[in-house]
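Peer 1: If you scroll down you'll find the structure; I have some questions about it.
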Amino acid sequence: MKRDYKKILKWFVAPFIFFIFGAYMTANYIINAPGVTVLENDYDSDIFTHAHTSELHAGDSIAGEFEARNNHLGIVLVRFNTFHRINDDSVVFRIREKGQEDWFYENTYKVDQFQPNEQFTFGMPVISDSKGKEYQFEVESTIGEPENAVALSNIEPVVSTRHQYPKELIASSVDEGVKFLVLKTVNLFQNFEFPLFTLLYFLPLLGYFLWLHFFPRYLSDKYYLVLVIPIALFVESFFLRNTYDIGVLIITVFTLFIFLAYKLSSRVAFLFALIFLILTPIFLEFGNELVAENFAMWAYLLLVIGTVQALIELKRGDKGLVDYDEFLQKALPFYPQKKKKKKR
Amino acid sequence: MTRLYVFFILLISTFVYKAWINFNIFSFSDWRFRFVELEIERINLLSWVSTNDFGEVNLMIWRTPYDVFHGLFGYAGFASNVADKYIILWPIVILAGISSYIIVRYITRSNIAGFVGSFILAYNTYFLGINSQGHLLLTIAFIFGVFSLYFFVKLLAERKMIFAFFTAIFLFIVGSYDLRSFYIVFGIQVLYLIYYFIFVKNFLKKRYVKELITIVFPLVVVIPLSFYWLLPTLFANMLTDNAQLGRIISFSEFYKIQHAISLHFPFWTGLEPSWDQAHPIPWYFWMYPIFAVAGLWVNRRNKNIVFFGIIALIGIVLTKQVHIPFPNLYNLLYDNIPGFNAFREASKFYFLIALGYAVLIGSFIAYIWKNWNNNNWQVYGKYIFTLGIVLIALWNAKPIITGEIKSLFVPRTIPGDMITTKDFIFNQKEYFRTFWIHPSNHWRITTNNHPRIDPDNTIQGVWSQYLESNYTRTTPKGQIVMESMQQPVMNDLLDLHSVKYVFLHLDDPGTDDYIAESYEMPRQYFLDEIEKLDYLQPIDIGTEQILAYENENYRPHIYTTTQKDELGASIEFSPVSHNQINPSEYRLTLNNLKEPVYLYFTDTYHSDWKLRVGDFSWFDVIVSNDYFLDDSIHESSSVGLNVFRIDPEYIASTVRSGEYTQNEDGSITFDATLYFRPQSYLYLGVIISGATLLFIVVGILYLSIRNRK
C-alpha cells in the first residue's frame, strides 16, 4: 500500500505539478506578451528607406516602409537608443498607406519616456483591412540637440507591428475563432522567444523525467552533456532580448540541479563563471552591449551556483566530488588525461 | 610588520588626499559650507528644523550626535570648514585604508592580503565618486561600519565581551552619520550571525547557548542606542511625514550588472565624475571580479571567505537595480521590506561589492604568497599580481592626486559680498526670513532666526498652487522666477511667510555660479525685471554682486489677528511677545484677550504643533493626557502655516484658574508654550541612548583595565 502511494506520488502527482507549472507559465506568457488577441510581427532593418543610428537632432528623421502581414494594424514599435540618459526631445510619428498624399495618423511624443534599447509603442487608430497593404512611416525629431536626443537602436528587431484583433470578431463564429487560433499559433512560433520560453517553462518537467528515468541509466557518466549548459547560455546571449525573472530562475535552479546530479565541485561553476567574465569586457569593447550584459548575467548566476555548491561542500565536505580538471578530462576527449598513479 | 603596512597605507592616503590636509573651505554640489552662526545652532537637539524654507520635521534626526559635535565646534568659534575636517574628511583620510586593512588581515591572517584589500575598499570608484559630489557622510559611515564588522567577526570567533561593546559603539557611530549605511552594516551582521550558526558553530549545543548573550548583545543594545531617533519617529507623526521614504526609485537606467560586477561606479570617468550618463567600463576594472573569483576558487573551504563572497553577490544583485537578472527583485524589496524604501537608488550597495571583493582578492593574494614559492615563475607571478591589483586600485585615485577631479577638492573663498550680507542679516535680532531670487550654490546664509527660502521650494514648489503658470519644460528658469515675482499674489506670499528681505545674488566670480548660466537668461534681464517690482524697496547694504530689497508689511513669526489672515486680505495684526527656547519650543505671553483671536505661527503646519497654557514640562507631555489645548483649535492656514483659534472663554473654561490672570476689564492674560510634541520623545530618547552609551564606554574601560591586569 505504502509503495503504491509512493509510486503515484513519483509518477503522477509530481509530474502533474510540473506540467501544471509549465502550462500556467506558458499561458501567462501568451496573455502578457503582447496580449491574447494581439499578433506581433517583427521586421528587419532593411525596411528603412532613410535611417541612421546617430542622434536625431531637430529636423532629422528616419523613414521606412513595410507590408502589413495581418489585418487590424494598430501599433508600430520602434527601438531607440537613449544613450542611458533622460533626453528632452519630442518626436513626431507619422504613418500612411503607400501612395497616399496625406498622413493617416500623426502624433508627438516626449522621448523622456523612451527606455534604453527598448521598443517604443506608437499607437494609432486600428486599420481593420491592413493585411497585404504597404505602409510608410516617419519619426522626426523636433528639438533634439547634441547629447540631448535619441537615435535608432541597432538591436534587432528595430521595428515591429502589432495587430489588435477585436474580441467580438473572434467570438462571432466558430469559423472566425478557429481562424484566429491558427493565426495566433503560427504567430507565436514565428517569434523566437515563444518556443524558447515554452521549453524553459517545461524544463522542470523534462528535468524531472531525466532525473527519474534516464539519468541513472544512461546519462550519469556522460559529462560532456554538462557542457550543453554553458554552450546554450553562450548562444542564447546573442538572441535573448527580454528576460523574465521566472525564466532566469528556472535556468539557474536547473543548472544547479545538473551540477549536483553530476556531483561536480563548486570549482566547475566558478570556471564557467570565469569564462563568461572574461568574455564580457571583450564584447563590451566591440560595442555589443546587449550580449555583454547577458554574459555578465550568466557569469553572476554561475557564481551564485558555485557559491551555493561551496556552502553545501562546507556542510557536507567535498569528498567524492568531481573537480574541474577531472570534469574536463571526462567531458573533453582532447583534454590532456592525467596518468593514474601506480599502486605500490 | 603590521606597523610598516599601516604606515604605508597612511602615507599613500595622505598623498592622495593632500588637498584636504588643511582648513580650506570646500563647497560643491550637496556639500555646503556653514557659517559659524549656523554651526552653533546645531548643538540644539531638534525634532523640528527651521533653517530652511518654513520649517519641517527633522528628517535627519538620527544625525543628532553628529550635529551636536558640529555645534561644539561652533561654540569654539569655528565654521564648518574646521569641524568637517575633524569629523569627516580627516577620518576618511586616516581610517578608510586602515579599517579595510584590519578586517581583511584578520580574515585572511595575512598582512599583505590586508594591504591589498585596503586599496580595493578605500579607493573604489563608488566612494571616490560620491565623495566628489559631497556625499561624504555615506563614505565615513561605511568606514566605521567596517570597524563594527571587524569587531563582530572577532566577537563571534573569540567570544569576548569587549568586542561586543566595540561592535555596538561603532554601529552607533555608523547610525549617527547615515541611517542607510547603518541598515546595510546591521544587515550584514544579522546575516553573518545566521551564517555563523548554520555553517560555523551549532548554537544548539549547550555551551554555545551560554555564549549567545555575548554574541547577540551588540545587535540588541543598538536598539536603546537608537532610541534618540526611534522614539520621536515611532511615537509621533514623524515617520509618515518622512519624504525620504516615499520617493520613487530613480537612476534605474544607469545601474547595470556589468557595472556592478566590475565594481565600476557608472558615473566614474577617471576625471571629474559626470552624472548624466553611464560611462564605459575601462578593461582593467574586470580584473576585480576575476581576482575575486580566483579568491573564492582557492579559498572555498574557508567559511569566512565564502561569507564575504555571498556579501559581494548580494551587493551585485542589488546594485544592478532593475536590470537583468531579476529586474523585478528591487521593486519587490522596495515595496515589501521595511526600511528598504530609503534606497531610492541602489548605489549604496556598492559597499557590499567593494567589501566582498576586498576580502576575496585579499584572500587570493594571501594564497599566492603562501603557495607560490616553488619556482621563479611563481615568485615573479605573485609580485606581478600583487603590484598589478594595487596599481589598478590606486589608479582610481589619480584624478584626486592630479586635481582633475575638481569638485570637492578645489578650495573656495567666501566672497566679500557674502560676508557683508551675512553680517547685515545676522546683526538683526528680530525674526524674519530672507528670500533669495537666485540663491548661491556655495554659500547659505541661514539660521533658525533668519531662515533662507529660495524659488525651488516656493515658486516651483509649495507656492506654485497660488501662482499662474503656463510654462513648458524648456522655459528658462530665470523667466519663470521673475515673471512669478511680478504676480500680485507674490507680495502677499512674502508677507504671510515673514519674508523681510529679498536678495538677488548675481554672480560668484571664480566659481561656476553665474546667474546667466544657472537661470538661463542674461544678467541684465534680472536687473531690469527686479526694478519693476514696486512692492520691494531697494536698500544699499554695501554689496556689488548681491542686490538687497526690503519687503514691508511682512508678518512677525508669531502674531494675532481678529480675522483670518489670508491671501489678498489686508488686515491688521499684532506681534506676540515670545521667547524662542529652540525651534521646537516657544514661550509666549498673550495679553488682555477679550475676544477670540487667531494666533499665527509662520512655520509649516504640522498636527504635532501644540499649545499649552500655564506651566510646562517636557516630561509631562509624554505621561499626561490632555496636556495641551484641544486639537480642534489648531488648523492649517490658507497658505499652509499654523493657526490656533484662541477663545478667552474656552481658555477660562478648560484651564485651571491659577494658570491665567483675569483682568479687571474682563479680559484674560496668560503665558503659553508653543511646542512640537515629538521633541519630548527626542529628549527621552537622548537620555536612554546616552545612558546606554555611557554603560558601553564604562564597560570598555573596565574590561580594558581588567585585561591589562
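Simple scheme: letters A, B, ... for chains in C-alpha cells order, numbers from 1 for residues in each chain, numbers from 1 for ligands in the order shown.
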Please, which residues of chain B lie no more than 9 Å from chain A when the count uses only C-alpha atoms, and can they be set out as a PyMOL selection string?
Peer 2: chain B and resi 198-199+253-254+256-258+261+276-278+280-283+286+289-290+293-294+296-298+300-303+306+309-310+313+316-317+324-329+473-474
Peer 1: Which residues, written as a list in words, have at least one atom at most 12 Å from A:Phe16, with only C-alpha atoms counted and residues fewer than 4 positions away on the same chain left out?
Peer 2: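 Final neighbour list, sorted by chain and number: Ile8, Leu9, Lys10, Trp11, Phe12, Ile20, Phe21, Gly22, Ala23, Tyr24, Phe202, Pro204, Leu205, Leu206, Tyr208 and Phe209 of chain A.
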Peer 1: Counting only C-alpha atoms, which residues in stretch 425-475 of chain B sit no more than 10 Å from stretch 544-553 of chain B? For each one, give the nearest pair of atoms and the distance in Å, sorted by chain then residue number, as JSON lines.
Peer 2:
```
{"residue": "B:Thr434", "atom": "CA", "partner": "B:Glu550", "partner_atom": "CA", "distance": 9.6}
{"residue": "B:Phe435", "atom": "CA", "partner": "B:Tyr549", "partner_atom": "CA", "distance": 9.7}
{"residue": "B:Trp436", "atom": "CA", "partner": "B:Ala548", "partner_atom": "CA", "distance": 9.5}
{"residue": "B:His438", "atom": "CA", "partner": "B:Ile546", "partner_atom": "CA", "distance": 9.7}
{"residue": "B:Ser440", "atom": "CA", "partner": "B:Ile546", "partner_atom": "CA", "distance": 10.0}
```
Peer 1: Output N, CA and C atoms for every residue in the selection just made, as a PDB file, in the first residue's frame.
Peer 2:
```pdb
ATOM      1  N   THR B 434      14.550  85.341   4.716  1.00  0.00           N
ATOM      2  CA  THR B 434      15.091  86.020   3.543  1.00  0.00           C
ATOM      3  C   THR B 434      14.774  85.175   2.315  1.00  0.00           C
ATOM      4  N   PHE B 435      14.412  85.869   1.251  1.00  0.00           N
ATOM      5  CA  PHE B 435      14.081  85.169   0.001  1.00  0.00           C
ATOM      6  C   PHE B 435      15.172  85.482  -1.014  1.00  0.00           C
ATOM      7  N   TRP B 436      15.795  84.437  -1.541  1.00  0.00           N
ATOM      8  CA  TRP B 436      16.897  84.617  -2.492  1.00  0.00           C
ATOM      9  C   TRP B 436      16.401  84.249  -3.880  1.00  0.00           C
ATOM     10  N   HIS B 438      17.983  84.287  -6.681  1.00  0.00           N
ATOM     11  CA  HIS B 438      18.954  83.341  -7.250  1.00  0.00           C
ATOM     12  C   HIS B 438      19.921  82.975  -6.130  1.00  0.00           C
ATOM     13  N   SER B 440      22.846  81.386  -3.880  1.00  0.00           N
ATOM     14  CA  SER B 440      24.211  80.951  -4.181  1.00  0.00           C
ATOM     15  C   SER B 440      24.310  79.439  -4.083  1.00  0.00           C
TER      16      SER B 440
END
```
Peer 1: Any chance you could list, as an NGL selection string, the residues in stretch 193-433 of chain B that come up alpha helix (DSSP H) when DSSP is run on the backbone?
Peer 2: :B and (193-195 or 206-225 or 227-235 or 238-241 or 257-261 or 287-298 or 303-319 or 329-336 or 350-371 or 376-395 or 398-402 or 416-426)
Peer 1: For the selection just defined, write its residues with C-alpha atoms to a file, as a compact mmCIF listing (two decimals), in the first residue's frame.
Peer 2:
```txt
# COMPACT_ATOMS: atom_id res chain seq x y z
CA LEU B 193 25.14 35.67 12.74
CA ILE B 194 22.73 33.35 10.92
CA TYR B 195 25.53 32.08 8.66
CA LYS B 206 24.75 23.77 25.34
CA ARG B 207 27.93 25.75 25.69
CA TYR B 208 27.04 27.99 22.79
CA VAL B 209 23.66 28.83 24.27
CA LYS B 210 25.55 30.27 27.24
CA GLU B 211 27.56 32.49 24.93
CA LEU B 212 24.55 33.55 22.93
CA ILE B 213 24.02 36.62 25.12
CA THR B 214 27.51 37.92 24.39
CA ILE B 215 27.14 37.29 20.69
CA VAL B 216 23.73 38.87 20.30
CA PHE B 217 24.45 41.75 22.72
CA PRO B 218 25.65 44.33 20.14
CA LEU B 219 22.71 43.69 17.84
CA VAL B 220 20.24 44.11 20.72
CA VAL B 221 21.87 47.00 22.53
CA VAL B 222 21.76 49.01 19.34
CA ILE B 223 18.02 49.42 19.92
CA PRO B 224 18.30 51.55 23.08
CA LEU B 225 21.29 53.26 21.46
CA PHE B 227 16.11 55.49 20.94
CA TYR B 228 17.08 59.12 20.39
CA TRP B 229 15.69 58.90 16.86
CA LEU B 230 13.48 55.82 17.19
CA LEU B 231 11.19 57.25 19.89
CA PRO B 232 10.29 60.55 18.20
CA THR B 233 9.93 58.70 14.91
CA LEU B 234 7.66 55.98 16.24
CA PHE B 235 5.64 57.82 18.89
CA MET B 238 7.27 61.86 12.02
CA LEU B 239 7.55 58.61 10.10
CA THR B 240 4.52 59.32 7.95
CA ASP B 241 5.96 62.72 7.08
CA ILE B 257 25.11 44.26 -13.86
CA GLN B 258 28.27 44.88 -15.88
CA HIS B 259 28.99 47.99 -13.78
CA ALA B 260 28.16 46.24 -10.53
CA ILE B 261 30.18 43.10 -11.18
CA MET B 287 40.47 42.35 -13.06
CA TYR B 288 38.46 42.89 -9.85
CA PRO B 289 35.86 40.15 -10.42
CA ILE B 290 38.42 37.82 -11.99
CA PHE B 291 40.73 38.12 -8.98
CA ALA B 292 37.73 37.88 -6.64
CA VAL B 293 36.59 34.61 -8.26
CA ALA B 294 40.17 33.39 -8.00
CA GLY B 295 39.98 34.14 -4.27
CA LEU B 296 36.78 32.16 -3.96
CA TRP B 297 38.28 29.38 -6.07
CA VAL B 298 41.29 28.82 -3.83
CA LYS B 303 33.88 29.68 5.83
CA ASN B 304 34.55 33.36 6.41
CA ILE B 305 35.77 33.96 2.89
CA VAL B 306 32.76 32.20 1.38
CA PHE B 307 30.59 34.50 3.51
CA PHE B 308 32.21 37.59 2.01
CA GLY B 309 31.68 36.02 -1.42
CA ILE B 310 27.97 35.89 -0.58
CA ILE B 311 28.09 39.54 0.52
CA ALA B 312 29.60 40.54 -2.84
CA LEU B 313 26.95 38.52 -4.72
CA ILE B 314 24.14 40.17 -2.73
CA GLY B 315 25.73 43.54 -3.45
CA ILE B 316 25.82 42.85 -7.19
CA VAL B 317 22.20 41.72 -7.46
CA LEU B 318 21.00 44.80 -5.55
CA THR B 319 23.30 47.33 -7.22
CA LEU B 329 13.54 41.98 -7.44
CA TYR B 330 14.49 45.53 -6.45
CA ASN B 331 10.91 46.78 -6.74
CA LEU B 332 9.75 43.80 -4.71
CA LEU B 333 12.19 44.56 -1.90
CA TYR B 334 11.47 48.30 -2.14
CA ASP B 335 7.75 47.74 -1.67
CA ASN B 336 7.82 44.99 0.93
CA TYR B 350 28.34 49.11 -4.00
CA PHE B 351 29.78 48.98 -0.49
CA LEU B 352 28.86 45.29 -0.27
CA ILE B 353 30.68 44.55 -3.52
CA ALA B 354 33.75 46.57 -2.51
CA LEU B 355 33.88 44.89 0.91
CA GLY B 356 33.35 41.41 -0.54
CA TYR B 357 35.95 41.93 -3.27
CA ALA B 358 38.46 43.37 -0.77
CA VAL B 359 38.28 40.15 1.26
CA LEU B 360 38.17 37.80 -1.76
CA ILE B 361 41.02 39.47 -3.63
CA GLY B 362 42.99 39.76 -0.39
CA SER B 363 42.47 36.05 0.20
CA PHE B 364 43.78 35.25 -3.28
CA ILE B 365 46.88 37.36 -2.65
CA ALA B 366 47.34 35.60 0.71
CA TYR B 367 47.10 32.25 -1.07
CA ILE B 368 49.72 33.03 -3.72
CA TRP B 369 52.12 34.49 -1.15
CA LYS B 370 51.82 31.30 0.83
CA ASN B 371 51.92 28.78 -2.02
CA ASN B 376 60.87 31.72 -10.40
CA TRP B 377 57.64 32.00 -12.38
CA GLN B 378 55.59 31.65 -9.25
CA VAL B 379 57.73 34.12 -7.32
CA TYR B 380 57.60 36.70 -10.12
CA GLY B 381 53.91 35.92 -10.61
CA LYS B 382 52.95 36.72 -7.04
CA TYR B 383 54.80 40.04 -7.19
CA ILE B 384 53.23 40.95 -10.54
CA PHE B 385 49.71 40.04 -9.42
CA THR B 386 50.05 41.90 -6.12
CA LEU B 387 51.53 45.00 -7.67
CA GLY B 388 49.06 44.87 -10.56
CA ILE B 389 45.94 44.81 -8.41
CA VAL B 390 47.29 47.52 -6.08
CA LEU B 391 48.08 49.75 -9.07
CA ILE B 392 44.65 49.17 -10.59
CA ALA B 393 43.00 50.24 -7.34
CA LEU B 394 45.35 53.18 -6.87
CA TRP B 395 44.82 54.34 -10.46
CA LYS B 398 44.79 59.54 -9.94
CA PRO B 399 42.27 62.35 -10.61
CA ILE B 400 42.36 63.24 -6.91
CA ILE B 401 46.15 63.37 -6.85
CA THR B 402 46.32 65.47 -10.03
CA GLY B 416 33.29 89.68 0.46
CA ASP B 417 29.71 90.43 -0.59
CA MET B 418 28.53 87.26 1.07
CA ILE B 419 30.20 88.17 4.37
CA THR B 420 28.74 91.69 4.23
CA THR B 421 25.26 90.29 3.60
CA LYS B 422 25.65 87.70 6.34
CA ASP B 423 26.63 90.37 8.88
CA PHE B 424 23.79 92.59 7.74
CA ILE B 425 21.25 89.78 8.33
CA PHE B 426 22.66 88.20 11.48
```
Peer 1: If you count only C-alpha atoms, which residues fall within 9 Å of stretch 444-448 of chain B, apart from same-chain ones fewer than 4 positions away, as a ChimeraX atom specification?
Peer 2: /B:32-35,37-39,41,49-52,55,418,421-422,425-426,431,433-434,439-440,452-453,582-583
Peer 1: Those selected residues, please, written with C-alpha atoms and delivered as a PDB file, in the first residue's frame.
Peer 2:
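Result file again.pdb:
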```
ATOM      1  CA  ARG B  32      27.819  73.170   1.690  1.00  0.00           C
ATOM      2  CA  PHE B  33      29.845  75.489   3.853  1.00  0.00           C
ATOM      3  CA  ARG B  34      28.124  76.610   7.091  1.00  0.00           C
ATOM      4  CA  PHE B  35      28.900  79.874   8.810  1.00  0.00           C
ATOM      5  CA  GLU B  37      26.342  81.195  13.436  1.00  0.00           C
ATOM      6  CA  LEU B  38      24.628  78.158  11.964  1.00  0.00           C
ATOM      7  CA  GLU B  39      27.192  75.745  13.384  1.00  0.00           C
ATOM      8  CA  GLU B  41      22.737  76.210  16.457  1.00  0.00           C
ATOM      9  CA  VAL B  49      14.307  72.298  11.923  1.00  0.00           C
ATOM     10  CA  SER B  50      13.515  75.758  10.710  1.00  0.00           C
ATOM     11  CA  THR B  51      16.681  76.863   8.951  1.00  0.00           C
ATOM     12  CA  ASN B  52      15.305  76.138   5.504  1.00  0.00           C
ATOM     13  CA  GLY B  55      10.430  74.597   8.864  1.00  0.00           C
ATOM     14  CA  MET B 418      28.534  87.257   1.074  1.00  0.00           C
ATOM     15  CA  THR B 421      25.260  90.289   3.603  1.00  0.00           C
ATOM     16  CA  LYS B 422      25.651  87.701   6.337  1.00  0.00           C
ATOM     17  CA  ILE B 425      21.249  89.782   8.331  1.00  0.00           C
ATOM     18  CA  PHE B 426      22.658  88.201  11.476  1.00  0.00           C
ATOM     19  CA  TYR B 431      12.913  87.045  13.428  1.00  0.00           C
ATOM     20  CA  ARG B 433      13.039  85.099   6.582  1.00  0.00           C
ATOM     21  CA  THR B 434      15.091  86.020   3.543  1.00  0.00           C
ATOM     22  CA  PRO B 439      20.499  81.560  -4.287  1.00  0.00           C
ATOM     23  CA  SER B 440      24.211  80.951  -4.181  1.00  0.00           C
ATOM     24  CA  ARG B 452      16.520  81.310   3.941  1.00  0.00           C
ATOM     25  CA  ILE B 453      13.999  80.427   1.241  1.00  0.00           C
ATOM     26  CA  ASN B 582      14.713  76.317  20.392  1.00  0.00           C
ATOM     27  CA  PRO B 583      12.927  75.871  17.053  1.00  0.00           C
TER      28      PRO B 583
END
```
Peer 1: Quick one: everything within 10 Å of B:Trp268, counting only C-alpha atoms, minus sequence neighbours fewer than 3 positions away in the same chain. Send it as a ChimeraX atom specification.
Peer 2: /B:125-126,128-130,264-265,271-275,277-281,396
Peer 1: From the set A:Ile170, A:Leu196, A:Leu203, A:Ala261, which residue has the shortest atom-to-atom contact distance to A:Tyr29, counting only C-alpha atoms?
Peer 2: A:Leu196
Peer 1: Contacts of B:Ser118 at 8 Å or less, counting only C-alpha atoms, minus same-chain residues fewer than 2 places along, as a VMD selection string?
Peer 2: chain B and resid 9 96 to 101 104 114 to 116 120 to 122 358
Peer 1: So that I can see what lies close to stretch 174-181 of chain B, please list as a list in words the residues with an atom at most 7 Å from it, counting only C-alpha atoms and leaving out residues fewer than 4 positions away in the same chain.
Peer 2: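 In the requested format, the answer is Trp62, Arg63, Thr64, Pro65, Tyr66, Leu137, Leu138, Ala141, Phe142, Phe144, Gly145, Phe170, Val185 and Ala342 of chain B.
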Peer 1: Save the residues we just selected, C-alpha atoms, as a CSV table (one decimal), in the first residue's frame?
Peer 2:
```
chain,number,residue,atom,x,y,z
B,62,TRP,CA,19.5,60.2,13.5
B,63,ARG,CA,22.3,62.7,12.8
B,64,THR,CA,21.7,64.3,16.2
B,65,PRO,CA,25.1,63.2,17.7
B,66,TYR,CA,26.9,64.3,14.6
B,137,LEU,CA,28.7,61.0,5.3
B,138,LEU,CA,27.9,57.8,3.5
B,141,ALA,CA,29.6,55.8,7.9
B,142,PHE,CA,30.7,52.8,5.8
B,144,PHE,CA,33.1,53.0,10.7
B,145,GLY,CA,30.8,50.1,9.6
B,170,PHE,CA,30.9,51.6,16.1
B,185,VAL,CA,26.0,47.2,8.1
B,342,ALA,CA,15.2,54.5,1.9
```
Peer 1: At a cut-off of 6 Å, using only C-alpha atoms, what residues contact stretch 328-332 of chain A? Leave out same-chain residues fewer than 4 positions from it and give the result as number ranges by chain.
Peer 2: A: 223-224, 337
Peer 1: Give me every strand (DSSP E) residue in stretch 103-329 of chain A, going by DSSP on the backbone, as an NGL selection string.
Peer 2: :A and (105-110 or 119-127 or 134-141 or 151-152 or 159-164)
Peer 1: Take the selection from the previous step and output its residues with N, CA, C and O atoms, as a tab-separated table (two decimals), in the first residue's frame.
Peer 2:
```
chain	number	residue	atom	x	y	z
A	105	TYR	N	-2.11	59.13	-39.81
A	105	TYR	CA	-2.07	59.44	-38.38
A	105	TYR	C	-0.75	60.12	-38.06
A	105	TYR	O	0.29	59.80	-38.62
A	106	GLU	N	-0.82	61.08	-37.15
A	106	GLU	CA	0.38	61.83	-36.77
A	106	GLU	C	0.25	62.22	-35.30
A	106	GLU	O	-0.81	62.66	-34.87
A	107	ASN	N	1.30	62.04	-34.54
A	107	ASN	CA	1.25	62.44	-33.12
A	107	ASN	C	2.66	62.75	-32.62
A	107	ASN	O	3.65	62.28	-33.20
A	108	THR	N	2.72	63.55	-31.54
A	108	THR	CA	4.02	63.94	-30.98
A	108	THR	C	4.23	63.22	-29.64
A	108	THR	O	3.29	63.12	-28.85
A	109	TYR	N	5.43	62.77	-29.42
A	109	TYR	CA	5.75	62.01	-28.20
A	109	TYR	C	6.99	62.58	-27.53
A	109	TYR	O	7.98	62.87	-28.23
A	110	LYS	N	6.94	62.72	-26.21
A	110	LYS	CA	8.14	63.12	-25.46
A	110	LYS	C	9.08	61.91	-25.38
A	110	LYS	O	8.64	60.81	-25.05
A	119	GLN	N	11.74	48.82	-27.36
A	119	GLN	CA	10.86	49.34	-28.39
A	119	GLN	C	9.84	50.29	-27.78
A	119	GLN	O	9.26	49.99	-26.74
A	120	PHE	N	9.63	51.42	-28.47
A	120	PHE	CA	8.59	52.35	-28.02
A	120	PHE	C	7.34	52.12	-28.86
A	120	PHE	O	7.40	51.90	-30.07
A	121	THR	N	6.19	52.20	-28.19
A	121	THR	CA	4.91	51.87	-28.83
A	121	THR	C	4.27	53.12	-29.42
A	121	THR	O	3.86	54.01	-28.68
A	122	PHE	N	4.19	53.19	-30.74
A	122	PHE	CA	3.45	54.28	-31.39
A	122	PHE	C	2.06	53.74	-31.74
A	122	PHE	O	1.91	52.95	-32.68
A	123	GLY	N	1.08	54.16	-31.00
A	123	GLY	CA	-0.28	53.68	-31.24
A	123	GLY	C	-0.97	54.54	-32.28
A	123	GLY	O	-0.56	55.66	-32.59
A	124	MET	N	-2.04	53.99	-32.88
A	124	MET	CA	-2.82	54.73	-33.88
A	124	MET	C	-4.19	54.06	-33.99
A	124	MET	O	-4.38	52.95	-33.48
A	125	PRO	N	-5.14	54.70	-34.67
A	125	PRO	CA	-6.44	54.03	-34.85
A	125	PRO	C	-6.24	52.73	-35.63
A	125	PRO	O	-5.47	52.69	-36.60
A	126	VAL	N	-6.93	51.68	-35.19
A	126	VAL	CA	-6.73	50.35	-35.80
A	126	VAL	C	-7.22	50.33	-37.26
A	126	VAL	O	-8.31	50.82	-37.55
A	127	ILE	N	-6.36	49.79	-38.15
A	127	ILE	CA	-6.76	49.67	-39.57
A	127	ILE	C	-7.21	48.22	-39.77
A	127	ILE	O	-6.40	47.30	-39.74
A	134	GLU	N	0.91	48.15	-48.14
A	134	GLU	CA	2.22	48.71	-47.76
A	134	GLU	C	2.03	50.04	-47.05
A	134	GLU	O	1.18	50.85	-47.44
A	135	TYR	N	2.81	50.25	-46.01
A	135	TYR	CA	2.69	51.47	-45.23
A	135	TYR	C	4.05	52.17	-45.14
A	135	TYR	O	5.10	51.52	-45.09
A	136	GLN	N	3.97	53.49	-45.11
A	136	GLN	CA	5.18	54.29	-44.91
A	136	GLN	C	5.08	54.99	-43.57
A	136	GLN	O	4.00	55.47	-43.20
A	137	PHE	N	6.18	55.02	-42.84
A	137	PHE	CA	6.16	55.75	-41.56
A	137	PHE	C	7.41	56.60	-41.43
A	137	PHE	O	8.42	56.35	-42.09
A	138	GLU	N	7.30	57.57	-40.54
A	138	GLU	CA	8.40	58.52	-40.32
A	138	GLU	C	8.47	58.88	-38.85
A	138	GLU	O	7.43	58.99	-38.18
A	139	VAL	N	9.67	59.05	-38.33
A	139	VAL	CA	9.83	59.58	-36.96
A	139	VAL	C	10.78	60.77	-37.08
A	139	VAL	O	11.91	60.61	-37.54
A	140	GLU	N	10.30	61.96	-36.69
A	140	GLU	CA	11.09	63.17	-36.87
A	140	GLU	C	11.34	63.87	-35.53
A	140	GLU	O	10.42	64.03	-34.73
A	141	SER	N	12.57	64.28	-35.31
A	141	SER	CA	12.91	65.00	-34.08
A	141	SER	C	12.47	66.46	-34.20
A	141	SER	O	12.59	67.07	-35.27
A	151	ALA	N	18.41	58.04	-30.70
A	151	ALA	CA	18.82	57.54	-32.01
A	151	ALA	C	18.15	56.19	-32.22
A	151	ALA	O	17.66	55.57	-31.26
A	152	LEU	N	18.16	55.75	-33.47
A	152	LEU	CA	17.63	54.43	-33.78
A	152	LEU	C	18.57	53.38	-33.17
A	152	LEU	O	19.79	53.52	-33.27
A	159	VAL	N	12.05	47.32	-35.76
A	159	VAL	CA	10.63	47.67	-35.96
A	159	VAL	C	9.76	46.42	-35.85
A	159	VAL	O	10.11	45.36	-36.37
A	160	SER	N	8.64	46.58	-35.17
A	160	SER	CA	7.65	45.51	-35.11
A	160	SER	C	6.27	46.16	-35.27
A	160	SER	O	6.14	47.37	-35.11
A	161	THR	N	5.31	45.33	-35.61
A	161	THR	CA	3.93	45.85	-35.67
A	161	THR	C	3.05	44.96	-34.82
A	161	THR	O	3.33	43.77	-34.63
A	162	ARG	N	1.99	45.55	-34.31
A	162	ARG	CA	1.01	44.76	-33.56
A	162	ARG	C	-0.36	44.93	-34.18
A	162	ARG	O	-0.74	46.03	-34.58
A	163	HIS	N	-1.05	43.81	-34.21
A	163	HIS	CA	-2.37	43.78	-34.84
A	163	HIS	C	-3.39	43.34	-33.80
A	163	HIS	O	-3.33	42.21	-33.31
A	164	GLN	N	-4.27	44.26	-33.48
A	164	GLN	CA	-5.23	44.01	-32.39
A	164	GLN	C	-6.53	43.48	-32.98
A	164	GLN	O	-7.33	44.23	-33.56
```
Peer 1: How many Å lie between atom CA of B:Lys406 and atom CA of B:Ser132, rounded to one decimal?
Peer 2: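 Atom CA of B:Lys406 sits 7.9 Å away from atom CA of B:Ser132.
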Peer 1: Would you work out the distance separating atom CA of B:Ile88 from atom CA of B:Met60, expressed in Å to one decimal?
Peer 2: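 The value is 16.9 Å.
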